[in-house]
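K.L.:
Here it is: the structure, laid out below.
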Amino acid sequence: MTDLAAEAGALIDLTQVAFTAPGSRLLVMAGADGWLQVSSSQYEKCFEECLRLARLGVVDADGRPLPVTSVLPHRIEFGGGVATLCLAGESLSLGGATGLEAAYRTSSGTSGRLPLGEGCRLSWPVEELRMAAEPAHADDLERARAEWEAWFDRCPRVRADLQPMAAFCWWVLGANTLQLAGVPDTRAVVPSRLGYVAAWQWDSYFIAVGLRHGDPALAREQLSLVLRFPSPDGQLPDVVHDFGVLASSDDLPAADVARLRETGSMAEGVRVPLTKPPLTAWAISKVYETEPDPSWLDSLLPTVAASQEWWFDASDSDGDGLPEYAHPYSSGLDDSPVFDGVLPVATPELAAYLIGQDELLADLLAERDLAAAARCRKRADRTVDRLLELWDAETGVFRAKAAGQWVAADTVLGLLPLFTGRLPARIVNGLLATLDDPARYATAWPVPTVSQADPSFDPDRMWRGPVWLCINRLLVEGLLASGEPERARDLAERTLAMVIAGGGPQEYYNPHTAAKPPRAVTMFSWSAALYLDLAVSVSANEGSGR
Ligand code: GLC
């Protein structure tokens with residue numbers, strides 16, 4: 001195995017990070033009793049709910065379990081190498097020295113043993129466990145090794161101090177790749193096998209932006225997948241999953257409805273469309289810049305243009321030219337205090353994304369449809385004017401508005417209009433001062449999603465304080481677009497250092513300690529992808545990247 005695979009393997013601890021393989025749904029982790037456990041990744045179900053083997057291990061002739069002695073992406077090794085386990089599709093493949101046995105207990109309590117020797121397989125084509133002595137373990141092991149090696153051959157090469165974590169992030173993207181039941185012709189890189197098993201629209205945008213550095217074809221596939229099921233009026237669904245799409249509040253899983261009810265959210269019980277922020281053209285352009293594919297671009301442009309119209313036509317309830325989020329989930333910032341009160345809410349970063357999308361569409365449409373391009377450009381100018389009305393010089397942030405009233409919450413959404421690169425110098429300076437304020441946004445590990453001075457700030461609660469890589473990545477781009485390359489570089493470096501300090505691509509990070517908050521999931525694809533994207537960009541600046 002290559003150094004990169006070994007580096008990635010060092011972080012597959014079987015406790016926070018599961019052993020798995022591209023295309024398989026199986027997950028192997030260590031149980032509390034020291035034995036392994038085997039589960040399957042499923043939409044909206046946790047590890048315990050999908051448990052297949054409550055216990056799995058390799059035992060010697062006296063029934064004593066052998067310890068796991070090393071993990072590489074393609075195999076788990078027991079007893080210093082006398083036995084190994086790998087995945088072969090939806091089967092577990094084990095092999096080892098004569099006299100050793102695989103010992104298991106299913107989730108329903110059936111126990112058994114199977115001699116290892118040249119190989120045995122445990123598989124689940126149905127709910128019943130099937131076991132077979134199959135002298136093919138060496139072949140399974142070789143296939144698994146070759147598959148991962150091909151994946152690591154594509155791993156982006158970055159600055160030496162960033163490379164080990166880059167290898168692990170690249171592994172995370174490979175490990176999170178699977179096929180959704182309804183779209184078997186496409187590979188979906190899901191947000192995390194340990195929590196989010198489906199294609200979430202804006203996750204796929206960030207994932208594609210990272211994937212493009214090693215596998216542009218897979219990056220394109222992610223974008224095609226989430227643009228495949230628009231509604232007749234142009235709205236894109238929030239999620240594409242095994243059983244269909246999540247496109248309105250009627251499609252929400254029961255657990256989400258219960259959570260909204262519990263928190264007293266205004267979004268509970270109202271039927272509204274569910275989507276994600278309009279960063280579609282942004283992601284497409286990034287992937288296209290890396291490897292142009294004109295027919296792919298042509299296949300997606302009409303869908304992007306229609307979704308942009310949808311925001312202005314169907315998601316601007318008061319018709320003031322500032323579209324709104326009718327549901328917190330559509331913003332991607334589900335729990336942000338911006339949505340604690342009245343809905344819908346017109347937020348400043350939504351206007352900024354729409355300005356960016358209209359400008360990119362105008363560029364992309366210039367050679368195809370001049371009139372449409374001119375319409376987009378004009379609307380971008382108009383939206384800039386409307387956005388500037390949300391600037392609050394006193395607090396040094398852009399504010400959100402709901403039902404004609406200012407929303408009090410002081411959140412990072414108020415800083416994101418930097419992304420447009422179209423703000424006057426006095427406003428840019430005001431935003432920089434806010435970013436630098438230690439009482440608000442200048443935390444040890446910036447940038448918190450809510451100001452520390454806001455009463456709702458909580459360093460561990462999702463979108464109410466923790467740092468998220470997507471926000472930092474957009475701020476890095478915003479600082480660059482606003483003529484602040486030094487600050488952009490500094491934030492990129494601090495974000496990379498945070499991922500390393502936090503032990504890997506977590507869903508989000510505590511802004512004081514860089515630690516993973518208790519409820520944040522691990523193996524998070526967009527953090528992995530954006531780590532890679534930032535690492536490539538800072539390495540390229542030094543002439544050592546590719
Ligand atoms: C959470 C996040 C949302 C993300 C989804 C999948 O719901 O709030 O932004 O798209 O998880 O990762």
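Lettering and numbering for the structure tokens are positional, with chains as A, B, ... in the shown order, residues counted from 1 in each chain, and ligands counted from 1 in the shown order.
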Looking only at the backbone, which of the residues in region 241-490 of chain A does DSSP tag as strand (DSSP E or B), as JSON, numbers by chain?
P.N.:
{"A": [241, 244, 245, 246, 248, 273, 325, 345, 346, 391, 392, 397, 398, 401, 402, 405, 406, 411, 450, 467]}
K.L.:
If the limit is 8 Å from any atom of ligand 1, counting only C-alpha atoms and all ligand atoms, which residues qualify? Return them as a PyMOL selection string.
P.N.:
chain A and resi 191-192+196+200-203+238+276+329+331-335+462-463+507+524+526
K.L.:
Would you mind exporting the chosen residues as a PDB file, in the first residue's frame, restricted to N, CA, C and O atoms?
P.N.:
ATOM      1  N   PRO A 191     -22.965  12.940   2.340  1.00  0.00           N
ATOM      2  CA  PRO A 191     -22.320  13.790   3.354  1.00  0.00           C
ATOM      3  C   PRO A 191     -21.531  13.011   4.400  1.00  0.00           C
ATOM      4  O   PRO A 191     -20.440  13.397   4.778  1.00  0.00           O
ATOM      5  N   SER A 192     -22.087  11.910   4.902  1.00  0.00           N
ATOM      6  CA  SER A 192     -21.348  11.046   5.819  1.00  0.00           C
ATOM      7  C   SER A 192     -22.108   9.738   5.952  1.00  0.00           C
ATOM      8  O   SER A 192     -23.299   9.732   6.244  1.00  0.00           O
ATOM      9  N   TYR A 196     -25.611  10.827   7.350  1.00  0.00           N
ATOM     10  CA  TYR A 196     -26.360  11.448   6.250  1.00  0.00           C
ATOM     11  C   TYR A 196     -26.131  10.644   4.971  1.00  0.00           C
ATOM     12  O   TYR A 196     -25.160  10.884   4.256  1.00  0.00           O
ATOM     13  N   TRP A 200     -27.495  15.531  -0.461  1.00  0.00           N
ATOM     14  CA  TRP A 200     -28.047  16.831  -0.083  1.00  0.00           C
ATOM     15  C   TRP A 200     -27.523  17.862  -1.085  1.00  0.00           C
ATOM     16  O   TRP A 200     -26.306  17.858  -1.390  1.00  0.00           O
ATOM     17  N   GLN A 201     -28.427  18.699  -1.579  1.00  0.00           N
ATOM     18  CA  GLN A 201     -28.069  19.574  -2.695  1.00  0.00           C
ATOM     19  C   GLN A 201     -26.798  20.383  -2.461  1.00  0.00           C
ATOM     20  O   GLN A 201     -25.845  20.283  -3.237  1.00  0.00           O
ATOM     21  N   TRP A 202     -26.753  21.173  -1.372  1.00  0.00           N
ATOM     22  CA  TRP A 202     -25.572  22.047  -1.288  1.00  0.00           C
ATOM     23  C   TRP A 202     -24.337  21.304  -0.792  1.00  0.00           C
ATOM     24  O   TRP A 202     -23.216  21.670  -1.114  1.00  0.00           O
ATOM     25  N   ASP A 203     -24.535  20.183  -0.079  1.00  0.00           N
ATOM     26  CA  ASP A 203     -23.373  19.340   0.255  1.00  0.00           C
ATOM     27  C   ASP A 203     -22.693  18.927  -1.047  1.00  0.00           C
ATOM     28  O   ASP A 203     -21.460  18.969  -1.166  1.00  0.00           O
ATOM     29  N   ASP A 238     -34.188  19.610  -1.920  1.00  0.00           N
ATOM     30  CA  ASP A 238     -33.197  19.677  -0.848  1.00  0.00           C
ATOM     31  C   ASP A 238     -32.306  18.428  -0.883  1.00  0.00           C
ATOM     32  O   ASP A 238     -31.079  18.531  -0.810  1.00  0.00           O
ATOM     33  N   LYS A 276     -32.085  24.157  -1.228  1.00  0.00           N
ATOM     34  CA  LYS A 276     -30.841  24.573  -0.580  1.00  0.00           C
ATOM     35  C   LYS A 276     -30.344  25.833  -1.298  1.00  0.00           C
ATOM     36  O   LYS A 276     -30.831  26.180  -2.367  1.00  0.00           O
ATOM     37  N   TYR A 329     -34.439  24.901   6.728  1.00  0.00           N
ATOM     38  CA  TYR A 329     -33.650  23.883   6.037  1.00  0.00           C
ATOM     39  C   TYR A 329     -33.183  24.369   4.662  1.00  0.00           C
ATOM     40  O   TYR A 329     -32.143  23.945   4.168  1.00  0.00           O
ATOM     41  N   SER A 331     -32.038  27.148   3.865  1.00  0.00           N
ATOM     42  CA  SER A 331     -30.843  27.992   3.991  1.00  0.00           C
ATOM     43  C   SER A 331     -29.599  27.148   4.181  1.00  0.00           C
ATOM     44  O   SER A 331     -28.484  27.645   4.064  1.00  0.00           O
ATOM     45  N   GLY A 332     -29.789  25.866   4.550  1.00  0.00           N
ATOM     46  CA  GLY A 332     -28.656  25.017   4.904  1.00  0.00           C
ATOM     47  C   GLY A 332     -28.225  25.229   6.346  1.00  0.00           C
ATOM     48  O   GLY A 332     -27.463  24.452   6.891  1.00  0.00           O
ATOM     49  N   LEU A 333     -28.706  26.298   6.991  1.00  0.00           N
ATOM     50  CA  LEU A 333     -28.306  26.612   8.367  1.00  0.00           C
ATOM     51  C   LEU A 333     -29.481  26.330   9.309  1.00  0.00           C
ATOM     52  O   LEU A 333     -29.974  27.224  10.018  1.00  0.00           O
ATOM     53  N   ASP A 334     -29.903  25.064   9.312  1.00  0.00           N
ATOM     54  CA  ASP A 334     -31.142  24.642   9.978  1.00  0.00           C
ATOM     55  C   ASP A 334     -31.434  25.327  11.317  1.00  0.00           C
ATOM     56  O   ASP A 334     -32.533  25.781  11.557  1.00  0.00           O
ATOM     57  N   ASP A 335     -30.455  25.317  12.212  1.00  0.00           N
ATOM     58  CA  ASP A 335     -30.723  25.766  13.584  1.00  0.00           C
ATOM     59  C   ASP A 335     -30.306  27.209  13.846  1.00  0.00           C
ATOM     60  O   ASP A 335     -30.294  27.647  14.999  1.00  0.00           O
ATOM     61  N   MET A 462     -25.156  23.068  16.700  1.00  0.00           N
ATOM     62  CA  MET A 462     -25.047  23.246  15.260  1.00  0.00           C
ATOM     63  C   MET A 462     -25.655  24.556  14.784  1.00  0.00           C
ATOM     64  O   MET A 462     -26.770  24.903  15.132  1.00  0.00           O
ATOM     65  N   TRP A 463     -24.878  25.317  14.019  1.00  0.00           N
ATOM     66  CA  TRP A 463     -25.242  26.610  13.422  1.00  0.00           C
ATOM     67  C   TRP A 463     -25.510  27.711  14.445  1.00  0.00           C
ATOM     68  O   TRP A 463     -25.993  28.774  14.099  1.00  0.00           O
ATOM     69  N   GLU A 507     -18.103  17.442  11.103  1.00  0.00           N
ATOM     70  CA  GLU A 507     -19.228  18.223  10.557  1.00  0.00           C
ATOM     71  C   GLU A 507     -19.057  19.703  10.912  1.00  0.00           C
ATOM     72  O   GLU A 507     -19.240  20.589  10.090  1.00  0.00           O
ATOM     73  N   PHE A 524     -17.036  13.708   7.528  1.00  0.00           N
ATOM     74  CA  PHE A 524     -17.981  14.611   6.863  1.00  0.00           C
ATOM     75  C   PHE A 524     -17.405  15.067   5.518  1.00  0.00           C
ATOM     76  O   PHE A 524     -16.365  15.718   5.457  1.00  0.00           O
ATOM     77  N   TRP A 526     -18.179  17.349   3.098  1.00  0.00           N
ATOM     78  CA  TRP A 526     -17.871  18.692   2.600  1.00  0.00           C
ATOM     79  C   TRP A 526     -16.672  19.289   3.341  1.00  0.00           C
ATOM     80  O   TRP A 526     -15.912  20.058   2.753  1.00  0.00           O
TER      81      TRP A 526
END
K.L.:
Please compute the CA of Leu246 (chain A)-CA of Gln42 (chain A) distance, one decimal, in Å.
P.N.:
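Separation between CA of Leu246 (chain A) and CA of Gln42 (chain A): 15.4 Å.
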K.L.:
Using only C-alpha atoms, can you tell me which of A:Phe229, A:Gln357, A:Ala21, A:Asp293 comes closest to Gly244 (chain A)?
P.N.:
A:Phe229
K.L.:
Need the shell around region 374-391 of chain A: protein/DNA/RNA residues with any atom at most 6 Å away, counting only C-alpha atoms. Skip same-chain ones fewer than 5 positions apart. Format as a list in words?
P.N.:
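Contacts, with the query itself left out: Ile355, Asp358, Glu359, Ala362, Phe398 and Arg399 of chain A.
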K.L.:
Can I get the selected residues back with N, CA and C atoms, as a short mmCIF file (atom, residue, chain, number, x, y, z; two decimals), in the first residue's frame?
P.N.:
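That gives us out22.cif:
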data_model
loop_
_atom_site.label_atom_id
_atom_site.label_comp_id
_atom_site.auth_asym_id
_atom_site.auth_seq_id
_atom_site.Cartn_x
_atom_site.Cartn_y
_atom_site.Cartn_z
N ILE A 355 -26.93 37.12 -6.42
CA ILE A 355 -26.16 38.07 -7.25
C ILE A 355 -25.05 37.30 -7.97
N ASP A 358 -26.52 35.09 -10.71
CA ASP A 358 -26.94 35.84 -11.90
C ASP A 358 -25.72 36.27 -12.72
N GLU A 359 -24.66 36.67 -12.05
CA GLU A 359 -23.46 37.11 -12.79
C GLU A 359 -22.82 35.93 -13.53
N ALA A 362 -24.93 35.01 -16.43
CA ALA A 362 -24.76 35.99 -17.52
C ALA A 362 -23.51 35.64 -18.32
N PHE A 398 -24.61 42.97 7.77
CA PHE A 398 -25.88 43.02 7.04
C PHE A 398 -26.92 42.30 7.92
N ARG A 399 -28.13 42.81 7.88
CA ARG A 399 -29.16 42.21 8.74
C ARG A 399 -30.21 41.48 7.91
#
K.L.:
From the set A:Thr98, A:Ser231, A:Thr347, A:Ser204, which residue has the shortest atom-to-atom contact distance to Val407 (chain A), counting only C-alpha atoms?
P.N.:
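Residue with the minimum atom-to-atom distance to Val407 (chain A): A:Thr347.
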K.L.:
Taking 6 positions as the minimum chain separation for residues in the same chain, which residues sit within 7 Å of Ser24 (chain A) when counting only C-alpha atoms? Answer as an MDAnalysis selection string.
P.N.:
chainID A and resid 89:90 178
K.L.:
Give me every helix (DSSP H, G or I) residue in region 305-428 of chain A, going by DSSP on the backbone, as JSON, numbers by chain.
P.N.:
{"A": [305, 306, 307, 308, 309, 310, 311, 312, 313, 314, 328, 329, 330, 331, 337, 338, 339, 348, 349, 350, 351, 352, 353, 354, 355, 356, 357, 358, 359, 360, 361, 362, 363, 364, 365, 370, 371, 372, 373, 374, 375, 376, 377, 378, 379, 380, 381, 382, 383, 384, 385, 386, 387, 388, 412, 413, 414, 416, 417, 418, 419, 420, 425, 426, 427, 428]}
K.L.:
Using Å and a single decimal, report how far CA of Leu141 (chain A) sits from CA of Leu85 (chain A).
P.N.:
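Value for the CA of Leu85 (chain A)-CA of Leu141 (chain A) distance: 8.0 Å.
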K.L.:
Would you kindly return, as a list in words, each protein, DNA or RNA residue with an atom no farther than 9 Å from any atom of Ala305 (chain A), considering only C-alpha atoms and excluding same-chain residues fewer than 6 positions away?
P.N.:
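Counting only C-alpha atoms, the residues come to Gly234, Ala281, Asp358 and Leu361 of chain A.
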K.L.:
Mind dumping the selected residues with N, CA and C atoms as a short mmCIF file (atom, residue, chain, number, x, y, z; two decimals), in the first residue's frame?
P.N.:
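Result went into out_18.cif, see below:
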data_model
loop_
_atom_site.label_atom_id
_atom_site.label_comp_id
_atom_site.auth_asym_id
_atom_site.auth_seq_id
_atom_site.Cartn_x
_atom_site.Cartn_y
_atom_site.Cartn_z
N GLY A 234 -39.18 24.80 -11.54
CA GLY A 234 -37.75 25.11 -11.49
C GLY A 234 -37.08 24.86 -10.15
N ALA A 281 -24.49 27.51 -9.77
CA ALA A 281 -23.60 27.99 -10.84
C ALA A 281 -22.17 28.14 -10.31
N ASP A 358 -26.52 35.09 -10.71
CA ASP A 358 -26.94 35.84 -11.90
C ASP A 358 -25.72 36.27 -12.72
N LEU A 361 -24.33 33.17 -14.44
CA LEU A 361 -25.24 32.78 -15.52
C LEU A 361 -25.07 33.72 -16.71
#
